[in-house]
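Structure file data_17.csv with CSV, C-alpha atoms:
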```
chain,number,residue,atom,x,y,z
I,1,MET,CA,23.7,-2.1,20.8
I,2,SER,CA,20.0,-2.0,21.9
I,3,VAL,CA,17.4,-4.0,20.0
I,4,VAL,CA,15.8,-0.7,18.8
I,5,LEU,CA,19.0,0.6,17.4
I,6,GLU,CA,19.7,-2.8,15.7
I,7,ILE,CA,16.2,-2.6,14.1
I,8,LEU,CA,16.7,1.0,13.0
I,9,SER,CA,20.1,0.3,11.5
I,10,ASN,CA,18.8,-2.7,9.5
I,11,ARG,CA,19.3,-1.7,5.8
I,12,ILE,CA,16.4,-4.0,4.7
I,13,ILE,CA,14.0,-2.3,7.0
I,14,GLN,CA,15.3,1.1,6.0
I,15,ALA,CA,14.7,0.4,2.3
I,16,ALA,CA,11.2,-1.0,3.0
I,17,ALA,CA,10.3,2.0,5.1
I,18,LEU,CA,11.7,4.4,2.6
I,19,ALA,CA,9.7,2.8,-0.2
I,20,TRP,CA,6.6,2.9,1.9
I,21,ALA,CA,7.1,6.6,2.7
I,22,ILE,CA,7.8,7.6,-0.9
I,23,ALA,CA,4.7,5.7,-2.0
I,24,GLN,CA,2.5,7.4,0.6
I,25,GLY,CA,4.0,10.8,-0.2
I,26,LEU,CA,3.1,10.2,-3.8
I,27,LYS,CA,-0.5,9.4,-2.9
I,28,VAL,CA,-0.7,12.8,-1.1
I,29,LEU,CA,0.8,14.6,-4.1
I,30,LEU,CA,-1.3,12.8,-6.7
I,31,THR,CA,-4.5,13.4,-4.7
I,32,PHE,CA,-3.6,17.1,-4.5
I,33,ILE,CA,-2.9,17.3,-8.3
I,34,ILE,CA,-6.1,15.5,-9.2
I,35,SER,CA,-8.5,17.1,-6.7
I,36,LYS,CA,-6.7,20.4,-6.1
I,37,LYS,CA,-7.2,19.8,-2.4
I,38,PHE,CA,-4.6,18.8,0.2
I,39,ASP,CA,-5.6,15.6,2.0
I,40,GLY,CA,-3.0,14.7,4.6
I,41,SER,CA,-4.9,11.6,5.6
I,42,ARG,CA,-3.7,10.0,2.4
I,43,MET,CA,-0.2,9.8,4.0
I,44,PHE,CA,-1.4,6.9,6.2
I,45,GLY,CA,-4.4,5.7,4.2
I,46,SER,CA,-4.6,2.5,2.2
I,47,GLY,CA,-5.5,2.2,-1.5
I,48,GLY,CA,-4.6,4.5,-4.3
I,49,MET,CA,-1.6,5.1,-6.6
I,50,PRO,CA,1.0,3.7,-6.0
I,51,SER,CA,0.5,0.7,-3.8
I,52,SER,CA,2.7,1.3,-0.7
I,53,HIS,CA,2.3,-2.4,0.3
I,54,SER,CA,3.8,-3.4,-3.0
I,55,ALA,CA,6.6,-0.8,-2.8
I,56,MET,CA,7.5,-1.9,0.7
I,57,THR,CA,7.6,-5.6,0.0
I,58,CYS,CA,9.5,-5.3,-3.3
I,59,ALA,CA,12.1,-3.0,-1.7
I,60,MET,CA,12.5,-5.7,1.0
I,61,LEU,CA,12.6,-8.4,-1.6
I,62,MET,CA,15.4,-6.7,-3.6
I,63,MET,CA,17.4,-5.9,-0.5
I,64,VAL,CA,17.2,-9.5,0.7
I,65,GLY,CA,18.3,-10.6,-2.7
I,66,PHE,CA,21.3,-8.3,-2.8
I,67,THR,CA,22.3,-9.1,0.8
I,68,GLU,CA,21.5,-12.8,1.2
I,69,GLY,CA,21.6,-13.9,-2.5
I,70,PHE,CA,18.9,-14.3,-5.0
I,71,SER,CA,19.1,-18.1,-4.6
I,72,SER,CA,18.8,-18.1,-0.8
I,73,SER,CA,15.9,-19.5,1.1
I,74,VAL,CA,15.2,-16.1,2.7
I,75,PHE,CA,14.9,-14.6,-0.7
I,76,ALA,CA,12.4,-17.3,-1.7
I,77,LEU,CA,10.4,-16.4,1.5
I,78,ALA,CA,10.5,-12.7,0.7
I,79,PHE,CA,9.5,-13.4,-2.9
I,80,CYS,CA,6.5,-15.5,-1.8
I,81,PHE,CA,5.5,-13.0,0.8
I,82,SER,CA,5.6,-10.1,-1.7
I,83,GLY,CA,3.5,-12.1,-4.1
I,84,VAL,CA,0.8,-12.8,-1.5
I,85,VAL,CA,0.7,-9.1,-0.5
I,86,MET,CA,0.4,-7.9,-4.1
I,87,TYR,CA,-2.3,-10.5,-4.9
I,88,ASP,CA,-4.2,-9.6,-1.8
I,89,ALA,CA,-4.0,-5.8,-2.7
I,90,ALA,CA,-5.3,-6.3,-6.2
I,91,GLY,CA,-7.7,-9.1,-5.4
I,92,VAL,CA,-9.3,-9.4,-2.0
I,93,ARG,CA,-8.8,-5.9,-0.8
I,94,ARG,CA,-9.9,-4.4,-4.2
I,95,SER,CA,-13.1,-6.5,-4.0
I,96,THR,CA,-13.7,-5.3,-0.5
I,97,GLY,CA,-13.6,-1.7,-1.7
I,98,LYS,CA,-16.1,-2.5,-4.5
I,99,ASN,CA,-18.4,-4.1,-2.0
I,100,ALA,CA,-18.1,-1.1,0.3
I,101,ALA,CA,-19.1,1.2,-2.6
I,102,VAL,CA,-22.3,-0.8,-3.3
I,103,LEU,CA,-23.2,-0.9,0.4
I,104,ASN,CA,-22.6,2.8,0.8
I,105,ARG,CA,-25.1,3.5,-2.1
I,106,LEU,CA,-27.6,1.3,-0.3
I,107,ILE,CA,-27.0,3.1,3.0
I,108,ASP,CA,-27.6,6.5,1.2
I,109,ARG,CA,-30.9,5.3,-0.3
I,110,LEU,CA,-32.1,4.0,3.1
I,111,ALA,CA,-30.9,7.1,4.8
I,112,ASN,CA,-32.9,9.2,2.4
I,113,ASP,CA,-36.0,7.4,3.6
I,114,GLY,CA,-35.1,8.3,7.2
I,115,SER,CA,-35.3,4.6,8.2
I,116,PHE,CA,-31.6,4.0,8.4
I,117,ASP,CA,-28.7,5.8,10.0
I,118,GLU,CA,-25.3,4.1,9.5
I,119,GLU,CA,-21.8,5.4,8.7
I,120,HIS,CA,-20.2,4.9,5.3
I,121,LEU,CA,-17.7,2.1,4.9
I,122,LYS,CA,-14.2,2.8,3.6
I,123,GLU,CA,-14.1,2.3,-0.2
I,124,LEU,CA,-10.4,3.0,-0.9
I,125,VAL,CA,-8.8,-0.2,0.5
I,126,GLY,CA,-7.4,-2.1,-2.5
I,127,HIS,CA,-5.6,-1.4,-5.7
I,128,THR,CA,-5.9,-1.8,-9.4
I,129,PRO,CA,-3.3,-4.0,-11.1
I,130,ILE,CA,-1.6,-0.8,-12.4
I,131,GLN,CA,-1.3,0.7,-8.9
I,132,VAL,CA,0.2,-2.6,-7.7
I,133,LEU,CA,2.7,-2.6,-10.6
I,134,ALA,CA,3.6,1.0,-10.0
I,135,GLY,CA,4.3,0.2,-6.3
I,136,ALA,CA,6.3,-2.9,-7.2
I,137,LEU,CA,8.5,-0.9,-9.6
I,138,LEU,CA,9.0,1.8,-7.0
I,139,GLY,CA,10.0,-0.8,-4.5
I,140,VAL,CA,12.4,-2.5,-6.9
I,141,LEU,CA,14.0,0.8,-7.7
I,142,VAL,CA,14.4,1.8,-4.0
I,143,GLY,CA,15.7,-1.6,-3.0
I,144,THR,CA,18.2,-1.6,-5.9
I,145,LEU,CA,19.4,1.9,-5.2
I,146,MET,CA,19.9,1.2,-1.5
I,147,ALA,CA,21.8,-2.1,-2.1
```
Write the structure described by the file as structure tokens, please.
Amino acid sequence: MSVVLEILSNRIIQAAALAWAIAQGLKVLLTFIISKKFDGSRMFGSGGMPSSHSAMTCAMLMMVGFTEGFSSSVFALAFCFSGVVMYDAAGVRRSTGKNAAVLNRLIDRLANDGSFDEEHLKELVGHTPIQVLAGALLGVLVGTLMA
């Protein structure tokens, strides 16, 4: 079996990818419901509800637990990895988005004076704790159902 086929047939990767795809699809759907506009770029964008990073890592976490055992070393690694990803999403990346929003307001003020021409920074990069929790629950659900 080729390496590509082995990777594609890996149930842990399948669960993680499915959780990511569902989360990203939900972002598109929720954006459409809230703004009444279709934004296909949300399918691959970061930030928003639910956290696809959290969904992906928690689906992986559950699948590793069910296949390798919840007391295994590899489950411990997956658990720590998931924790770091979710902490980063709600902490560092969320702060980055807040900083970008402030800088974008400054850019707008300077641009109005005609003395500054700079593109806006991406503001939607992190997550609120609720978005991380929703993604984690989605991932746990997907991982559990696929096990």
Check your understanding: I:Met62, I:Val132, I:Leu106, I:Val74: which is nearest Ala15 of chain I, counting only C-alpha atoms?
Key ->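 Of I:Met62, I:Val132, I:Leu106, I:Val74, the one nearest Ala15 of chain I is I:Met62, counting only C-alpha atoms.
Shortest separation to Met63 of chain I among I:Ile13, I:Cys80, I:Val28, I:Leu8 occurs at residue I:Ile13, atoms counted being all atoms listed in the file.
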Check your understanding: In Å, with one decimal, what is the gap from atom CA of Ile34 of chain I to atom CA of Leu138 of chain I?
Key ->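 Taking atom CA of Ile34 of chain I and atom CA of Leu138 of chain I, their separation equals 20.5 Å.
The shortest atom-to-atom distance to Phe79 of chain I, with all atoms listed in the file taken into account, belongs to I:Val140 out of I:Ile7, I:Leu30, I:Val140, I:Met146.
For Met86 of chain I, the residues within 8 Å (counting all atoms listed in the file, excluding itself and residues fewer than 4 positions away along the chain) are His53, Ser54, Ser82, Ala90 and Val132 of chain I.
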Point to revise | Of the listed residues I:Val142, I:Leu137, I:Val85, I:Leu77, that which approaches Ala17 of chain I most closely, counting all atoms listed in the file | key: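 Looking only at the distances to Ala17 of chain I, the closest residue turns out to be I:Val142.
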Point to revise | Pick from I:Ile12, I:Ile22, I:Ala78, I:Leu29 nearest to Ser52 of chain I, counting all atoms listed in the file | key: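 Closest candidate: I:Ile22.
Shortest atom-to-atom contact with Met60 of chain I among I:Leu26, I:Ala89, I:Ala111, I:Leu18: I:Leu18, counting all atoms listed in the file.
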Check your understanding: Mind pulling up the distance from atom CA of Met56 of chain I to atom CA of Gln131 of chain I?
Key -> 13.3 Å
Review point. Between atom CA of Leu145 of chain I and atom CA of Cys58 of chain I, what is the distance, to one decimal in Å?
Key: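 Between these atoms lies a distance of 12.4 Å.
Residues surrounding Thr128 of chain I within 10 Å are Gly47, Gly48, Met49, Pro50, Ser51, Ala89, Ala90, Gly91, Arg93, Arg94, Gly126, Ile130, Gln131, Val132, Leu133 and Ala134 of chain I [all atoms listed in the file; sequence separation below 2 positions excluded].
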